[in-house]
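Content type PDB, C-alpha atoms, from the file work-v2.pdb:
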```pdb
ATOM      1  CA  MET A   1     -28.353  -8.865  27.157
ATOM      2  CA  GLY A   2     -28.248  -6.421  24.278
ATOM      3  CA  VAL A   3     -25.296  -4.153  23.614
ATOM      4  CA  ARG A   4     -25.632  -0.402  24.077
ATOM      5  CA  VAL A   5     -24.416   0.635  20.654
ATOM      6  CA  MET A   6     -24.225   3.747  18.524
ATOM      7  CA  VAL A   7     -24.084   3.544  14.726
ATOM      8  CA  VAL A   8     -22.176   6.226  12.841
ATOM      9  CA  ASP A   9     -21.811   6.021   9.058
ATOM     10  CA  GLU A  10     -21.136   8.319   6.124
ATOM     11  CA  HIS A  11     -24.403   7.158   4.550
ATOM     12  CA  ARG A  12     -27.253   8.092   6.868
ATOM     13  CA  LEU A  13     -29.633   5.611   5.248
ATOM     14  CA  LEU A  14     -27.224   2.732   5.895
ATOM     15  CA  ALA A  15     -26.706   3.891   9.484
ATOM     16  CA  GLU A  16     -30.445   4.070  10.159
ATOM     17  CA  ALA A  17     -31.116   0.697   8.498
ATOM     18  CA  LEU A  18     -28.427  -1.012  10.571
ATOM     19  CA  ALA A  19     -29.668   0.704  13.709
ATOM     20  CA  SER A  20     -33.209  -0.559  13.046
ATOM     21  CA  ALA A  21     -31.979  -4.109  12.442
ATOM     22  CA  LEU A  22     -30.000  -4.091  15.699
ATOM     23  CA  LYS A  23     -32.988  -2.745  17.644
ATOM     24  CA  LEU A  24     -35.139  -5.583  16.344
ATOM     25  CA  ARG A  25     -32.557  -8.047  17.681
ATOM     26  CA  GLY A  26     -32.706  -6.577  21.190
ATOM     27  CA  HIS A  27     -29.784  -4.162  21.183
ATOM     28  CA  ARG A  28     -30.034  -0.685  22.654
ATOM     29  CA  VAL A  29     -29.206   1.655  19.777
ATOM     30  CA  LEU A  30     -28.686   5.172  21.121
ATOM     31  CA  ALA A  31     -28.494   7.096  17.870
ATOM     32  CA  ALA A  32     -27.503   6.896  14.222
ATOM     33  CA  ALA A  33     -25.686   9.756  12.553
ATOM     34  CA  ALA A  34     -23.387  10.454   9.612
ATOM     35  CA  PRO A  35     -19.749  11.123  10.581
ATOM     36  CA  ALA A  36     -19.182  14.831  10.080
ATOM     37  CA  VAL A  37     -18.083  17.688  12.276
ATOM     38  CA  GLY A  38     -19.376  16.854  15.737
ATOM     39  CA  ALA A  39     -19.788  13.102  15.189
ATOM     40  CA  ALA A  40     -17.083  12.249  17.721
ATOM     41  CA  GLU A  41     -18.609  14.643  20.227
ATOM     42  CA  LEU A  42     -22.005  13.016  19.771
ATOM     43  CA  VAL A  43     -20.547   9.573  20.506
ATOM     44  CA  ILE A  44     -18.620  10.886  23.498
ATOM     45  CA  ASN A  45     -21.705  12.561  24.966
ATOM     46  CA  ARG A  46     -23.924   9.479  24.490
ATOM     47  CA  SER A  47     -21.177   7.139  25.781
ATOM     48  CA  PRO A  48     -22.280   3.803  24.260
ATOM     49  CA  GLU A  49     -20.551   0.547  25.064
ATOM     50  CA  VAL A  50     -19.659   0.090  21.394
ATOM     51  CA  CYS A  51     -19.560   2.516  18.463
ATOM     52  CA  LEU A  52     -19.964   1.114  14.966
ATOM     53  CA  PHE A  53     -18.002   3.573  12.840
ATOM     54  CA  GLY A  54     -18.674   3.242   9.121
ATOM     55  CA  THR A  55     -16.526   4.570   6.297
ATOM     56  CA  ALA A  56     -16.241   3.921   2.569
ATOM     57  CA  THR A  57     -12.588   5.044   2.439
ATOM     58  CA  PRO A  58     -10.630   3.403   5.283
ATOM     59  CA  ALA A  59      -7.252   4.100   3.661
ATOM     60  CA  GLU A  60      -7.830   7.854   3.254
ATOM     61  CA  PRO A  61      -5.671  10.081   5.513
ATOM     62  CA  GLY A  62      -7.551  11.506   8.482
ATOM     63  CA  VAL A  63     -10.695   9.398   8.103
ATOM     64  CA  PHE A  64     -10.228   7.896  11.575
ATOM     65  CA  GLU A  65      -9.638  11.170  13.431
ATOM     66  CA  PRO A  66     -13.059  10.828  15.141
ATOM     67  CA  VAL A  67     -11.989   7.381  16.370
ATOM     68  CA  VAL A  68      -8.780   8.842  17.785
ATOM     69  CA  ARG A  69     -10.744  11.466  19.705
ATOM     70  CA  ILE A  70     -13.329   8.983  20.985
ATOM     71  CA  ARG A  71     -10.638   6.667  22.291
ATOM     72  CA  ARG A  72      -8.685   9.539  23.812
ATOM     73  CA  GLU A  73     -11.626  11.073  25.692
ATOM     74  CA  ARG A  74     -13.700   7.923  26.351
ATOM     75  CA  PRO A  75     -11.302   4.940  26.301
ATOM     76  CA  GLN A  76     -14.067   2.719  27.681
ATOM     77  CA  ILE A  77     -15.980   3.039  24.388
ATOM     78  CA  ALA A  78     -15.017   0.213  22.033
ATOM     79  CA  VAL A  79     -14.977   1.207  18.354
ATOM     80  CA  VAL A  80     -15.607  -1.266  15.544
ATOM     81  CA  VAL A  81     -15.027   0.003  12.013
ATOM     82  CA  LEU A  82     -17.616  -0.885   9.399
ATOM     83  CA  GLY A  83     -16.124  -0.630   5.925
ATOM     84  CA  PRO A  84     -15.507  -2.136   2.481
ATOM     85  CA  VAL A  85     -13.124  -4.942   1.623
ATOM     86  CA  PRO A  86     -10.071  -3.256   3.114
ATOM     87  CA  SER A  87      -6.492  -2.939   2.030
ATOM     88  CA  PRO A  88      -3.874  -3.806   4.653
ATOM     89  CA  ARG A  89      -3.334  -0.049   4.995
ATOM     90  CA  GLY A  90      -7.015   0.456   5.825
ATOM     91  CA  ILE A  91      -6.998  -2.198   8.536
ATOM     92  CA  ALA A  92      -3.734  -0.872   9.955
ATOM     93  CA  ALA A  93      -5.085   2.698  10.031
ATOM     94  CA  ALA A  94      -8.250   1.583  11.837
ATOM     95  CA  PHE A  95      -6.370  -0.240  14.586
ATOM     96  CA  ALA A  96      -3.721   2.471  14.847
ATOM     97  CA  ALA A  97      -6.515   4.972  15.553
ATOM     98  CA  GLY A  98      -7.742   2.817  18.434
ATOM     99  CA  ALA A  99     -10.421   0.641  16.841
ATOM    100  CA  CYS A 100     -10.737  -2.858  18.259
ATOM    101  CA  GLY A 101     -12.443  -4.415  15.257
ATOM    102  CA  TYR A 102     -13.230  -4.281  11.556
ATOM    103  CA  VAL A 103     -16.411  -5.603   9.910
ATOM    104  CA  ARG A 104     -17.126  -5.564   6.186
ATOM    105  CA  HIS A 105     -20.144  -3.667   4.870
ATOM    106  CA  ASP A 106     -21.478  -6.875   3.290
ATOM    107  CA  GLU A 107     -21.303  -8.873   6.534
ATOM    108  CA  ARG A 108     -24.491 -10.555   7.737
ATOM    109  CA  ILE A 109     -26.222  -9.057  10.779
ATOM    110  CA  GLU A 110     -25.117 -12.092  12.820
ATOM    111  CA  GLY A 111     -21.501 -11.206  12.045
ATOM    112  CA  VAL A 112     -22.086  -7.639  13.190
ATOM    113  CA  GLU A 113     -23.576  -8.937  16.442
ATOM    114  CA  ARG A 114     -20.588 -11.196  17.065
ATOM    115  CA  ALA A 115     -18.276  -8.214  16.541
ATOM    116  CA  LEU A 116     -20.314  -6.126  19.007
ATOM    117  CA  ALA A 117     -20.146  -8.856  21.659
ATOM    118  CA  LYS A 118     -16.378  -9.289  21.234
ATOM    119  CA  ALA A 119     -15.771  -5.550  21.336
ATOM    120  CA  ARG A 120     -17.798  -5.142  24.534
ATOM    121  CA  ALA A 121     -15.808  -8.007  26.079
ATOM    122  CA  GLY A 122     -12.537  -6.266  25.230
ATOM    123  CA  GLU A 123     -11.602  -8.691  22.476
ATOM    124  CA  VAL A 124     -10.382  -8.029  18.940
ATOM    125  CA  ALA A 125     -13.372  -8.161  16.605
ATOM    126  CA  ILE A 126     -12.170  -9.116  13.152
ATOM    127  CA  SER A 127     -12.744 -12.305  11.190
ATOM    128  CA  PRO A 128      -9.798 -14.648  10.590
ATOM    129  CA  GLN A 129     -10.592 -14.580   6.853
ATOM    130  CA  LEU A 130     -10.225 -10.798   6.770
ATOM    131  CA  LEU A 131      -6.898 -10.949   8.589
ATOM    132  CA  GLN A 132      -5.703 -13.770   6.358
ATOM    133  CA  GLY A 133      -6.528 -11.743   3.250
ATOM    134  CA  ALA A 134      -4.772  -8.663   4.594
ATOM    135  CA  PHE A 135      -1.629 -10.549   5.602
ATOM    136  CA  GLY A 136      -1.668 -12.407   2.294
ATOM    137  CA  GLU A 137      -1.611  -9.113   0.427
ATOM    138  CA  LEU A 138       1.208  -7.837   2.639
ATOM    139  CA  LEU A 139       3.282 -10.985   2.136
ATOM    140  CA  ASN A 140       2.533 -11.276  -1.584
ATOM    141  CA  PRO A 141       1.937  -7.756  -2.855
ATOM    142  CA  ALA A 142       0.708  -7.275  -6.387
ATOM    143  CA  ALA A 143       3.522  -6.412  -8.745
ATOM    144  CA  GLN A 144       3.735  -2.685  -9.333
ATOM    145  CA  PRO A 145       4.589  -1.413 -12.790
ATOM    146  CA  ASP A 146       8.148  -0.176 -13.213
ATOM    147  CA  ASP A 147       7.913   3.605 -12.995
ATOM    148  CA  GLU A 148      11.588   4.208 -13.775
ATOM    149  CA  GLY A 149      10.610   5.119 -17.318
ATOM    150  CA  SER A 150       8.298   7.870 -16.068
ATOM    151  CA  ARG A 151      11.006   9.186 -13.766
ATOM    152  CA  LEU A 152      13.561   9.307 -16.558
ATOM    153  CA  LEU A 153      11.050  10.892 -18.899
ATOM    154  CA  ARG A 154      10.594  13.771 -16.452
ATOM    155  CA  LEU A 155      14.340  14.468 -16.617
ATOM    156  CA  LEU A 156      14.242  15.211 -20.328
ATOM    157  CA  THR A 157      12.928  18.196 -22.229
ATOM    158  CA  PRO A 158      10.522  17.565 -25.139
ATOM    159  CA  ARG A 159      13.409  18.248 -27.520
ATOM    160  CA  GLU A 160      15.642  15.732 -25.751
ATOM    161  CA  ILE A 161      12.855  13.137 -25.758
ATOM    162  CA  GLU A 162      12.619  13.490 -29.532
ATOM    163  CA  VAL A 163      16.393  13.071 -29.787
ATOM    164  CA  LEU A 164      16.236   9.912 -27.633
ATOM    165  CA  VAL A 165      13.501   8.403 -29.787
ATOM    166  CA  ARG A 166      15.563   9.073 -32.898
ATOM    167  CA  VAL A 167      18.681   7.619 -31.252
ATOM    168  CA  ALA A 168      16.711   4.483 -30.312
ATOM    169  CA  GLU A 169      15.605   4.191 -33.937
ATOM    170  CA  GLY A 170      19.232   4.151 -35.028
ATOM    171  CA  GLU A 171      19.551   7.639 -36.499
ATOM    172  CA  ASP A 172      23.039   9.147 -36.504
ATOM    173  CA  THR A 173      23.808  12.809 -35.807
ATOM    174  CA  ARG A 174      23.343  13.795 -39.456
ATOM    175  CA  LEU A 175      19.881  12.215 -39.683
ATOM    176  CA  ILE A 176      18.828  13.645 -36.313
ATOM    177  CA  ALA A 177      19.893  17.132 -37.447
ATOM    178  CA  ALA A 178      18.066  16.796 -40.756
ATOM    179  CA  GLY A 179      14.923  15.360 -39.213
ATOM    180  CA  MET A 180      14.725  18.087 -36.554
ATOM    181  CA  ALA A 181      15.878  20.896 -38.857
ATOM    182  CA  ILE A 182      18.782  21.819 -36.586
ATOM    183  CA  ALA A 183      22.524  22.069 -37.054
ATOM    184  CA  PRO A 184      24.586  18.876 -36.600
ATOM    185  CA  SER A 185      26.495  20.534 -33.744
ATOM    186  CA  THR A 186      23.187  21.271 -31.979
ATOM    187  CA  ALA A 187      22.039  17.695 -32.516
ATOM    188  CA  ARG A 188      25.323  16.432 -31.082
ATOM    189  CA  THR A 189      24.855  18.653 -28.005
ATOM    190  CA  HIS A 190      21.325  17.314 -27.486
ATOM    191  CA  VAL A 191      22.587  13.738 -27.694
ATOM    192  CA  GLN A 192      25.296  14.395 -25.120
ATOM    193  CA  ARG A 193      22.761  15.960 -22.718
ATOM    194  CA  VAL A 194      20.467  12.961 -23.092
ATOM    195  CA  LEU A 195      23.318  10.566 -22.313
ATOM    196  CA  MET A 196      24.335  12.628 -19.292
ATOM    197  CA  LYS A 197      20.781  12.835 -17.872
ATOM    198  CA  LEU A 198      20.197   9.111 -18.333
ATOM    199  CA  GLY A 199      23.560   8.300 -16.768
ATOM    200  CA  VAL A 200      24.827   6.220 -19.690
ATOM    201  CA  GLY A 201      27.991   6.377 -21.762
ATOM    202  CA  SER A 202      26.808   5.582 -25.262
ATOM    203  CA  ARG A 203      23.864   5.828 -27.628
ATOM    204  CA  LEU A 204      23.475   2.056 -27.534
ATOM    205  CA  GLU A 205      23.175   2.120 -23.731
ATOM    206  CA  ALA A 206      20.641   4.957 -23.959
ATOM    207  CA  ALA A 207      18.519   3.000 -26.427
ATOM    208  CA  ALA A 208      18.708  -0.148 -24.261
ATOM    209  CA  LEU A 209      17.735   1.750 -21.102
ATOM    210  CA  ALA A 210      14.820   3.429 -22.854
ATOM    211  CA  ALA A 211      13.537   0.088 -24.110
ATOM    212  CA  ARG A 212      13.992  -1.694 -20.758
ATOM    213  CA  THR A 213      12.124   0.923 -18.709
ATOM    214  CA  GLY A 214       9.322   1.450 -21.199
ATOM    215  CA  LEU A 215      10.369   5.053 -21.674
ATOM    216  CA  LEU A 216       9.847   4.847 -25.433
ATOM    217  CA  ASP A 217       6.267   3.639 -24.941
ATOM    218  CA  ARG A 218       5.485   6.810 -22.984
ATOM    219  CA  ALA A 219       7.286   9.191 -25.329
ATOM    220  CA  VAL A 220       5.453  10.991 -28.116
ATOM    221  CA  PRO A 221       7.029   9.909 -31.414
ATOM    222  CA  PRO A 222       8.727  12.717 -33.307
ATOM    223  CA  ALA A 223       6.897  14.317 -36.203
ATOM    224  CA  ARG A 224       8.394  13.333 -39.501
ATOM    225  CA  THR A 225       9.258  15.928 -42.066
ATOM    226  CA  VAL A 226       7.346  15.262 -45.252
ATOM    227  CA  PRO A 227       9.294  16.280 -48.358
ATOM    228  CA  GLN A 228       7.502  19.038 -50.246
ATOM    229  CA  PRO A 229       7.217  18.767 -54.020
ATOM    230  CA  SER A 230       9.390  21.227 -55.867
ATOM    231  CA  GLU A 231       7.757  24.112 -57.685
ATOM    232  CA  PRO A 232       7.639  23.655 -61.464
ATOM    233  CA  GLY A 233      10.238  25.737 -63.207
TER     234      GLY A 233
END
```
Show me the file's structure as structure tokens.
Amino acid sequence: MGVRVMVVDEHRLLAEALASALKLRGHRVLAAAAPAVGAAELVINRSPEVCLFGTATPAEPGVFEPVVRIRRERPQIAVVVLGPVPSPRGIAAAFAAGACGYVRHDERIEGVERALAKARAGEVAISPQLLQGAFGELLNPAAQPDDEGSRLLRLLTPREIEVLVRVAEGEDTRLIAAGMAIAPSTARTHVQRVLMKLGVGSRLEAAALAARTGLLDRAVPPARTVPQPSEPG
């Protein structure tokens, strides 16, 4: 016996195409509509056995609010999310909202039918391969780039960043002052502020920290003063 199902998707054409395919296979498709204001109310009023809820952005905050409302007001309606290759966060958000399944957009129609049957029977409708991929990503997350350099960079003023670059290049206070056209005492003050903000005790430590965190790669190199030719006498 066919499933009484309602298809809801952000892309109306996709929703209508899937609805037509399910009708041809003997399912009772009540309606197909894009999820917007009133989508949850439409599902609640039609009260299908299963709602196929499609989204292109399963990890976006608030995308499953309609699912939350459907499950709150009509807990007998099973909701299966239809979405892209999900991140673990996307799968978690779908199930946290009350969905009982997740099917990829590129799944064959037979896979969609299996998910519908499981959902109507009160079972979890998600392929083992999808779960395996999600858990694999959770257990072995991709390495994230070290953002300590960006954090440290935000602590420094543009002037202090220039001082740090010059320190890392081995310039002493005299050269820093000459290169920046400031007094040696001012250059010394800038250096001390840089050391304090970076939480280090020496210029060598500052240069090592900047190199380790990639701070120097993000910093704009200081403009060099080009000596001007002297006027002929």
Exercise for review: Measuring atom to atom with only C-alpha atoms, identify which of A:Ala183, A:Ala93, A:Leu52, A:Leu131 is nearest to A:Ala34.
Suggested key: A:Leu52
**Study point:** Output check: residues returned by the PyMOL selection byres ((chain A and resi 19) around 10), as number ranges by chain
**Key:** A: 5-8, 13-18, 20-24, 27-33, 52
**Study point:** Residues selected by the PyMOL selection byres ((chain A and resi 94-101) around 7), written as a PyMOL selection string
**Key:** chain A and resi 64+67-68+71+78-81+90-93+102-103+119+124-126
For the residues in that selection, give me C-alpha atoms as a PDB file, in the frame of the given file.
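Done, and the output landed in part_7.pdb:
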```
ATOM      1  CA  PHE A  64     -10.228   7.896  11.575  1.00  0.00           C
ATOM      2  CA  VAL A  67     -11.989   7.381  16.370  1.00  0.00           C
ATOM      3  CA  VAL A  68      -8.780   8.842  17.785  1.00  0.00           C
ATOM      4  CA  ARG A  71     -10.638   6.667  22.291  1.00  0.00           C
ATOM      5  CA  ALA A  78     -15.017   0.213  22.033  1.00  0.00           C
ATOM      6  CA  VAL A  79     -14.977   1.207  18.354  1.00  0.00           C
ATOM      7  CA  VAL A  80     -15.607  -1.266  15.544  1.00  0.00           C
ATOM      8  CA  VAL A  81     -15.027   0.003  12.013  1.00  0.00           C
ATOM      9  CA  GLY A  90      -7.015   0.456   5.825  1.00  0.00           C
ATOM     10  CA  ILE A  91      -6.998  -2.198   8.536  1.00  0.00           C
ATOM     11  CA  ALA A  92      -3.734  -0.872   9.955  1.00  0.00           C
ATOM     12  CA  ALA A  93      -5.085   2.698  10.031  1.00  0.00           C
ATOM     13  CA  TYR A 102     -13.230  -4.281  11.556  1.00  0.00           C
ATOM     14  CA  VAL A 103     -16.411  -5.603   9.910  1.00  0.00           C
ATOM     15  CA  ALA A 119     -15.771  -5.550  21.336  1.00  0.00           C
ATOM     16  CA  VAL A 124     -10.382  -8.029  18.940  1.00  0.00           C
ATOM     17  CA  ALA A 125     -13.372  -8.161  16.605  1.00  0.00           C
ATOM     18  CA  ILE A 126     -12.170  -9.116  13.152  1.00  0.00           C
TER      19      ILE A 126
END
```
**Study point:** Close residues, A:Gly149 itself excluded, 12 Å, all atoms listed in the file, min 4 positions apart in chain, as a VMD selection string
**Key:** chain A and resid 145 153 to 156 161 198 208 to 219
**Study point:** A:Ala56 surroundings by all atoms listed in the file, 12 Å radius, close-in-sequence under 5 positions cut, as a list in words
**Key:** Asp9, Glu10, His11, Leu14, Ala34, Pro35, Val63, Phe64, Val81, Leu82, Gly83, Pro84, Val85, Pro86, Ser87, Gly90, Arg104 and His105 of chain A
**Study point:** Reference answer for the PyMOL selection byres ((chain A and resi 197) around 10), as a ChimeraX atom specification
**Key:** /A:152-153,155-156,160,192-196,198-200,206
Study note, to complete from the structure: With distances taken over only C-alpha atoms, the candidate from A:Glu65, A:Glu123, A:Glu169, A:Glu148 nearest A:Val50 is A:Glu123
Review point. Using all atoms listed in the file, which of A:Arg188, A:Arg203, A:Thr55, A:Arg151 sits nearest A:Val167?
Key: A:Arg203
Practice item. Could you pull out every residue with an atom within 9 Å of (26.8, 14.2, -37.3), file coordinates, counting all atoms listed in the file, and send them as JSON, numbers by chain? Key: {"A": [172, 173, 174, 175, 176, 177, 183, 184, 185, 187, 188]}
**Study point:** Gap from atom CA of A:Glu205 to atom CA of A:His190 - Å, one decimal
**Key:** 15.8 Å
Point to revise | atom CA of A:Pro66 to atom CA of A:Arg4, straight-line distance in Å | key: 19.1 Å
Would you place a box with edges along x, y and z of the file around all atoms of stretch 156-170 of chain A listed there, add 5 Å to each of its six sides, and report the centre and edge lengths in Å to one decimal, as AutoDock Vina command-line options?
```
--center_x 14.9 --center_y 11.2 --center_z -27.7 --size_x 18.7 --size_y 24.1 --size_z 24.7
```
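With only C-alpha atoms as the basis for measurement, A:Ala121 is the residue among A:Val165, A:Ala39, A:Ala59, A:Ala121 that approaches A:Gln76 most closely.
Of note, atom CA of A:Glu110 and atom CA of A:Pro48 are spaced 19.8 Å apart.
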